[in-house]
Amino acid sequence: MISRESESASRIVALLNSESAAGGDALLDPDRFRAFCRSLEIDQADLKVDETLLAMMRELRAAITSCLKEPSSKSAKALENISAKAQLMLRVDDKGIPMLSSAAVDSAGIAALFVLAIAASSRDGGWSRIRVCDASECKKAFFDSTRSRTRRWCSMSTCGNRAKVSEHRQRQGQRQGEQKVQKKGS
């Protein structure tokens, strides 16, 4: 049972939250993307950051978000298409240990790191704990480390509080409306 966020899950959450990163969307500009990679300690010395790579990363982010919010064959297909571009293959090292790696040498190689993170987080239980905030005005992703796996908001103090206050006000409004109807009927 996983109760702490794994490195692979952490990478996925960071990618999902890259749209609301400080300074703007990290996947719109080469300099921001390089800073994003540095923050995740991803070596990008030989990486050519161009619009093709940025578009693929935005496509990957959208596909992951879609899979988490509304799992379907359509959202799964989008992830499968990106993993095909990442050219993942099984390799066996000198000790006979199999591992997934990418044969991609261009911009798809960086996308492969995130596809591999998805595979690793699926294996270690992290994937099932990655959530997107339930608040309609929030798109932040988070890792649900609760024992019951029922966390709904990225932050209880902001998004959770807003939702609970809104629900309370709705109930109060309904009660007041019912009381007015009862008074008129009396």
# chains A, B, ... in the order shown; residues from 1 in each chain; ligands from 1
>>> select_by_dssp(residues="region 118-166 of chain A", states="alpha helix (DSSP H)", output="number ranges by chain")
A: 118-124, 161-166
>>> write_last_selection(atoms="N, CA, C and O atoms", output="JSON list (two decimals), in the first residue's frame")
[["chain", "number", "residue", "atom", "x", "y", "z"],
["A", 118, "ILE", "N", 4.07, 7.14, -15.84],
["A", 118, "ILE", "CA", 2.70, 6.63, -15.73],
["A", 118, "ILE", "C", 2.74, 5.12, -15.47],
["A", 118, "ILE", "O", 2.05, 4.61, -14.59],
["A", 119, "ALA", "N", 3.57, 4.42, -16.25],
["A", 119, "ALA", "CA", 3.69, 2.97, -16.07],
["A", 119, "ALA", "C", 4.20, 2.63, -14.67],
["A", 119, "ALA", "O", 3.67, 1.73, -14.00],
["A", 120, "ALA", "N", 5.21, 3.36, -14.21],
["A", 120, "ALA", "CA", 5.78, 3.10, -12.88],
["A", 120, "ALA", "C", 4.75, 3.41, -11.79],
["A", 120, "ALA", "O", 4.62, 2.66, -10.82],
["A", 121, "SER", "N", 4.03, 4.51, -11.93],
["A", 121, "SER", "CA", 3.05, 4.86, -10.89],
["A", 121, "SER", "C", 1.87, 3.90, -10.90],
["A", 121, "SER", "O", 1.26, 3.65, -9.86],
["A", 122, "SER", "N", 1.58, 3.34, -12.05],
["A", 122, "SER", "CA", 0.52, 2.33, -12.11],
["A", 122, "SER", "C", 0.97, 1.07, -11.36],
["A", 122, "SER", "O", 0.20, 0.46, -10.63],
["A", 123, "ARG", "N", 2.22, 0.74, -11.53],
["A", 123, "ARG", "CA", 2.77, -0.45, -10.89],
["A", 123, "ARG", "C", 2.90, -0.27, -9.37],
["A", 123, "ARG", "O", 2.62, -1.18, -8.61],
["A", 124, "ASP", "N", 3.29, 0.93, -8.93],
["A", 124, "ASP", "CA", 3.51, 1.12, -7.49],
["A", 124, "ASP", "C", 2.27, 1.62, -6.75],
["A", 124, "ASP", "O", 2.31, 1.88, -5.55],
["A", 161, "ASN", "N", -12.94, 24.35, 1.50],
["A", 161, "ASN", "CA", -13.70, 25.30, 2.30],
["A", 161, "ASN", "C", -14.75, 26.01, 1.45],
["A", 161, "ASN", "O", -15.90, 26.15, 1.86],
["A", 162, "ARG", "N", -14.36, 26.46, 0.26],
["A", 162, "ARG", "CA", -15.31, 27.13, -0.63],
["A", 162, "ARG", "C", -16.50, 26.22, -0.96],
["A", 162, "ARG", "O", -17.65, 26.65, -0.95],
["A", 163, "ALA", "N", -16.21, 24.97, -1.27],
["A", 163, "ALA", "CA", -17.28, 24.03, -1.62],
["A", 163, "ALA", "C", -18.21, 23.79, -0.44],
["A", 163, "ALA", "O", -19.44, 23.78, -0.60],
["A", 164, "LYS", "N", -17.65, 23.62, 0.73],
["A", 164, "LYS", "CA", -18.47, 23.36, 1.91],
["A", 164, "LYS", "C", -19.31, 24.58, 2.30],
["A", 164, "LYS", "O", -20.47, 24.44, 2.68],
["A", 165, "VAL", "N", -18.73, 25.77, 2.17],
["A", 165, "VAL", "CA", -19.49, 26.99, 2.47],
["A", 165, "VAL", "C", -20.62, 27.14, 1.46],
["A", 165, "VAL", "O", -21.76, 27.47, 1.83],
["A", 166, "SER", "N", -20.34, 26.88, 0.20],
["A", 166, "SER", "CA", -21.38, 26.96, -0.84],
["A", 166, "SER", "C", -22.51, 25.98, -0.57],
["A", 166, "SER", "O", -23.70, 26.33, -0.69]]
>>> residues_around(residues="Ile110 (chain A)", least_positions_apart="2", cutoff="10 Å", atoms="only C-alpha atoms", output="list in words")
Cys37, Ile42, Asp43, Gln44, Leu47, Val49, Leu53, Met56, Met57, Ala86, Ser102, Ala104, Val105, Asp106, Ser107, Ala108, Ala112, Leu113, Phe114 and Val115 of chain A
>>> closest_residue(among="A:Leu16, A:Ala63, A:Ala135, A:Ala84", to="Gly109 (chain A)", atoms="only C-alpha atoms")
A:Ala84
>>> select_by_dssp(residues="region 32-165 of chain A", states="strand (DSSP E)", output="ChimeraX atom specification")
/A:88-92,98-102,130-132,141-143
>>> atom_distance(atom1="CA of Ala62 (chain A)", atom2="CA of Lys77 (chain A)")
12.2 Å
>>> residues_around(residues="Leu60 (chain A)", least_positions_apart="4", cutoff="10 Å", atoms="only C-alpha atoms", output="list in words")
Leu15, Leu16, Leu54, Ala55, Met56, Ile64, Thr65, Ser66, Ala78, Leu79, Glu80, Asn81, Ile82, Ser83, Ala111, Phe114 and Val115 of chain A
>>> decode(residues="region 59-82 of chain A", atoms="N, CA and C atoms", output="short mmCIF file (atom, residue, chain, number, x, y, z; two decimals), in the first residue's frame")
data_model
loop_
_atom_site.label_atom_id
_atom_site.label_comp_id
_atom_site.auth_asym_id
_atom_site.auth_seq_id
_atom_site.Cartn_x
_atom_site.Cartn_y
_atom_site.Cartn_z
N GLU A 59 -0.37 17.86 -25.30
CA GLU A 59 -1.27 16.76 -25.65
C GLU A 59 -1.23 15.67 -24.58
N LEU A 60 -0.04 15.38 -24.08
CA LEU A 60 0.11 14.38 -23.02
C LEU A 60 -0.58 14.85 -21.75
N ARG A 61 -0.39 16.11 -21.38
CA ARG A 61 -1.04 16.65 -20.18
C ARG A 61 -2.56 16.55 -20.30
N ALA A 62 -3.09 16.91 -21.46
CA ALA A 62 -4.55 16.84 -21.68
C ALA A 62 -5.04 15.40 -21.62
N ALA A 63 -4.27 14.48 -22.18
CA ALA A 63 -4.66 13.06 -22.19
C ALA A 63 -4.67 12.49 -20.77
N ILE A 64 -3.67 12.84 -19.98
CA ILE A 64 -3.62 12.36 -18.59
C ILE A 64 -4.79 12.92 -17.80
N THR A 65 -5.03 14.22 -17.95
CA THR A 65 -6.14 14.86 -17.25
C THR A 65 -7.45 14.19 -17.61
N SER A 66 -7.65 13.93 -18.89
CA SER A 66 -8.87 13.28 -19.36
C SER A 66 -9.02 11.88 -18.77
N CYS A 67 -7.93 11.13 -18.73
CA CYS A 67 -7.97 9.77 -18.15
C CYS A 67 -8.31 9.80 -16.67
N LEU A 68 -7.82 10.81 -15.97
CA LEU A 68 -8.07 10.90 -14.53
C LEU A 68 -9.49 11.37 -14.23
N LYS A 69 -9.97 12.36 -15.01
CA LYS A 69 -11.30 12.91 -14.75
C LYS A 69 -12.40 12.00 -15.25
N GLU A 70 -12.27 11.51 -16.48
CA GLU A 70 -13.31 10.68 -17.09
C GLU A 70 -12.66 9.54 -17.87
N PRO A 71 -12.28 8.49 -17.19
CA PRO A 71 -11.65 7.37 -17.89
C PRO A 71 -12.58 6.79 -18.95
N SER A 72 -12.07 6.63 -20.14
CA SER A 72 -12.86 6.07 -21.24
C SER A 72 -11.89 5.51 -22.28
N SER A 73 -12.45 4.81 -23.25
CA SER A 73 -11.60 4.29 -24.32
C SER A 73 -11.00 5.43 -25.15
N LYS A 74 -11.73 6.54 -25.26
CA LYS A 74 -11.23 7.70 -26.02
C LYS A 74 -10.02 8.32 -25.32
N SER A 75 -10.13 8.53 -24.00
CA SER A 75 -9.01 9.12 -23.27
C SER A 75 -7.82 8.15 -23.22
N ALA A 76 -8.11 6.86 -23.12
CA ALA A 76 -7.04 5.86 -23.12
C ALA A 76 -6.33 5.84 -24.47
N LYS A 77 -7.08 6.00 -25.53
CA LYS A 77 -6.50 5.99 -26.88
C LYS A 77 -5.52 7.15 -27.06
N ALA A 78 -5.86 8.31 -26.50
CA ALA A 78 -4.97 9.46 -26.60
C ALA A 78 -3.63 9.16 -25.92
N LEU A 79 -3.68 8.53 -24.75
CA LEU A 79 -2.44 8.15 -24.06
C LEU A 79 -1.68 7.09 -24.85
N GLU A 80 -2.39 6.16 -25.43
CA GLU A 80 -1.74 5.12 -26.22
C GLU A 80 -1.03 5.71 -27.43
N ASN A 81 -1.65 6.70 -28.07
CA ASN A 81 -1.03 7.35 -29.22
C ASN A 81 0.27 8.04 -28.85
N ILE A 82 0.27 8.71 -27.71
CA ILE A 82 1.48 9.39 -27.26
C ILE A 82 2.55 8.38 -26.88
#
